[in-house]
Amino acid sequence: MRKAKLAAHSRSHLDKRFKEIGAVHRFAPPVRGWIKAVREALGMSTAQLAKRLRIKQPSVIALEKSEAKGTIELATLRRVAQALDCTLVYALVPKKPLEAMVRGQARSLARRRLEAVEHSMLLENQKVRRKDSKAGLDEFVRETNPRLFWD
């Protein structure tokens, strides 16, 4: 139960932070990558950036290509950001709120578990009321360790 409450608190906190980020499409990198776009906007040559990074000029071109392909290492990107007097922003932003993702997984697991119970109850001429199943789902989400939802 403690883990479930801690996870719920973390989800709530992160969901608020993600909401503040807003539309993630505004962070989509330029086609040729951020390094090249910022370097060119600053009017800086590849040789000048190479000097700041203490590497050779052809390596800057390779870095720009690597970033554009999505194969650059995060540590390298951080170093380049510093050399360009930029801040590297790195985040995994869920497509929907974390709470909605967990509730969806919980709903799926609860549905699988309830199918067997409902089948038995139908055989006994009983039926689970929708109101009861919603309340049960809410309790299930609150009380269950979310690790169980992802198997």
# chains A, B, ... in the order shown; residues from 1 in each chain; ligands from 1

$ residues_around --residues "stretch 75-77 of chain A" --least-positions-apart "6" --cutoff "12 Å" --atoms "only C-alpha atoms" --output "list in words"
Gly33, Trp34, Ile35, Lys36, Leu53, Ile55, Ser59, Val60, Ala62, Leu63, Glu64, Ser66, Glu67, Ala68, Ala83, Leu84, Cys86, Thr87, Leu88, Val89 and Tyr90 of chain A

$ select_by_dssp --residues "chain A" --states "helix (DSSP H, G or I)" --output "ChimeraX atom specification"
/A:2-21,24-27,34-42,46-53,57-69,74-83,98-123,130-143,146-150

$ closest_residue --among "A:Leu92, A:Leu137, A:Val31, A:Ala81" --to "A:Arg113" --atoms "only C-alpha atoms"
A:Leu137

$ residues_around --residues "A:Ser45" --least-positions-apart "2" --cutoff "12 Å" --atoms "only C-alpha atoms" --output "list in words"
Ile35, Lys36, Ala37, Val38, Arg39, Glu40, Ala41, Leu42, Gly43, Ala47, Gln48, Leu49, Ala50, Lys51, Arg52, Gln57, Pro58, Val60, Ile61 and Leu84 of chain A

$ residues_around --residues "A:Ala106" --least-positions-apart "4" --cutoff "7 Å" --atoms "only C-alpha atoms" --output "compact mmCIF listing (two decimals) with N, CA and C atoms, in the first residue's frame"
# COMPACT_ATOMS: atom_id res chain seq x y z
N VAL A 102 -1.62 4.61 -16.06
CA VAL A 102 -1.71 3.62 -14.98
C VAL A 102 -3.14 3.12 -14.85
N ALA A 110 -7.71 -5.43 -14.14
CA ALA A 110 -8.94 -5.68 -13.38
C ALA A 110 -9.97 -6.38 -14.26
N VAL A 141 -6.89 0.62 -8.07
CA VAL A 141 -5.80 1.51 -8.48
C VAL A 141 -5.13 2.12 -7.26
N PHE A 149 0.67 -3.90 -12.60
CA PHE A 149 -0.13 -3.57 -13.78
C PHE A 149 0.60 -3.81 -15.10

$ decode --residues "stretch 59-73 of chain A" --atoms "all heavy atoms" --output "compact mmCIF listing (two decimals), in the first residue's frame"
# COMPACT_ATOMS: atom_id res chain seq x y z
N SER A 59 35.40 16.91 -37.01
CA SER A 59 34.65 16.25 -35.94
C SER A 59 33.35 16.99 -35.64
O SER A 59 32.34 16.38 -35.27
CB SER A 59 35.49 16.13 -34.68
OG SER A 59 36.61 15.29 -34.91
N VAL A 60 33.35 18.32 -35.80
CA VAL A 60 32.14 19.10 -35.58
C VAL A 60 31.10 18.72 -36.63
O VAL A 60 29.92 18.52 -36.32
CB VAL A 60 32.41 20.62 -35.60
CG1 VAL A 60 31.11 21.42 -35.63
CG2 VAL A 60 33.25 21.02 -34.39
N ILE A 61 31.55 18.60 -37.86
CA ILE A 61 30.64 18.19 -38.94
C ILE A 61 30.06 16.81 -38.65
O ILE A 61 28.86 16.57 -38.81
CB ILE A 61 31.36 18.23 -40.32
CG1 ILE A 61 31.73 19.69 -40.65
CG2 ILE A 61 30.49 17.62 -41.41
CD1 ILE A 61 32.66 19.84 -41.83
N ALA A 62 30.91 15.92 -38.15
CA ALA A 62 30.45 14.57 -37.79
C ALA A 62 29.45 14.63 -36.64
O ALA A 62 28.45 13.90 -36.64
CB ALA A 62 31.65 13.69 -37.42
N LEU A 63 29.69 15.51 -35.66
CA LEU A 63 28.75 15.67 -34.54
C LEU A 63 27.40 16.16 -35.03
O LEU A 63 26.36 15.67 -34.61
CB LEU A 63 29.30 16.66 -33.51
CG LEU A 63 30.45 16.20 -32.63
CD1 LEU A 63 30.95 17.35 -31.76
CD2 LEU A 63 30.03 15.03 -31.76
N GLU A 64 27.41 17.14 -35.92
CA GLU A 64 26.17 17.68 -36.46
C GLU A 64 25.38 16.61 -37.21
O GLU A 64 24.16 16.50 -37.05
CB GLU A 64 26.45 18.88 -37.37
CG GLU A 64 26.92 20.10 -36.61
CD GLU A 64 27.25 21.31 -37.48
OE1 GLU A 64 27.36 21.15 -38.72
OE2 GLU A 64 27.39 22.40 -36.91
N LYS A 65 26.09 15.82 -37.99
CA LYS A 65 25.43 14.73 -38.73
C LYS A 65 24.89 13.68 -37.76
O LYS A 65 23.79 13.16 -37.93
CB LYS A 65 26.39 14.09 -39.73
CG LYS A 65 26.67 14.98 -40.92
CD LYS A 65 27.65 14.30 -41.88
CE LYS A 65 27.93 15.22 -43.07
NZ LYS A 65 28.91 14.63 -43.99
N SER A 66 25.67 13.36 -36.74
CA SER A 66 25.26 12.37 -35.75
C SER A 66 24.01 12.83 -35.01
O SER A 66 23.09 12.04 -34.78
CB SER A 66 26.41 12.14 -34.76
OG SER A 66 26.04 11.28 -33.74
N GLU A 67 23.95 14.11 -34.66
CA GLU A 67 22.76 14.62 -33.99
C GLU A 67 21.54 14.55 -34.91
O GLU A 67 20.47 14.12 -34.51
CB GLU A 67 22.95 16.05 -33.50
CG GLU A 67 21.75 16.53 -32.71
CD GLU A 67 21.44 18.00 -32.83
OE1 GLU A 67 22.21 18.75 -33.45
OE2 GLU A 67 20.39 18.38 -32.29
N ALA A 68 21.73 14.97 -36.16
CA ALA A 68 20.62 14.96 -37.13
C ALA A 68 20.08 13.55 -37.34
O ALA A 68 18.87 13.36 -37.53
CB ALA A 68 21.06 15.57 -38.44
N LYS A 69 20.95 12.54 -37.27
CA LYS A 69 20.52 11.14 -37.43
C LYS A 69 19.96 10.56 -36.14
O LYS A 69 19.38 9.48 -36.15
CB LYS A 69 21.71 10.26 -37.88
CG LYS A 69 22.14 10.47 -39.31
CD LYS A 69 23.12 9.41 -39.78
CE LYS A 69 24.36 9.38 -38.95
NZ LYS A 69 25.42 8.49 -39.44
N GLY A 70 20.18 11.24 -35.02
CA GLY A 70 19.69 10.74 -33.73
C GLY A 70 20.62 9.75 -33.08
O GLY A 70 20.20 8.98 -32.20
N THR A 71 21.88 9.75 -33.47
CA THR A 71 22.82 8.78 -32.92
C THR A 71 23.86 9.41 -31.99
O THR A 71 24.73 8.71 -31.48
CB THR A 71 23.56 8.04 -34.06
OG1 THR A 71 24.24 8.99 -34.89
CG2 THR A 71 22.58 7.22 -34.88
N ILE A 72 23.75 10.71 -31.75
CA ILE A 72 24.72 11.38 -30.88
C ILE A 72 24.52 10.93 -29.43
O ILE A 72 23.40 10.63 -29.02
CB ILE A 72 24.59 12.92 -31.00
CG1 ILE A 72 25.80 13.62 -30.39
CG2 ILE A 72 23.29 13.41 -30.40
CD1 ILE A 72 25.92 15.09 -30.75
N GLU A 73 25.60 10.85 -28.68
CA GLU A 73 25.50 10.48 -27.27
C GLU A 73 25.06 11.69 -26.45
O GLU A 73 25.43 12.82 -26.76
CB GLU A 73 26.85 9.97 -26.76
CG GLU A 73 27.23 8.62 -27.32
CD GLU A 73 28.50 8.06 -26.70
OE1 GLU A 73 28.95 8.59 -25.65
OE2 GLU A 73 29.03 7.09 -27.24
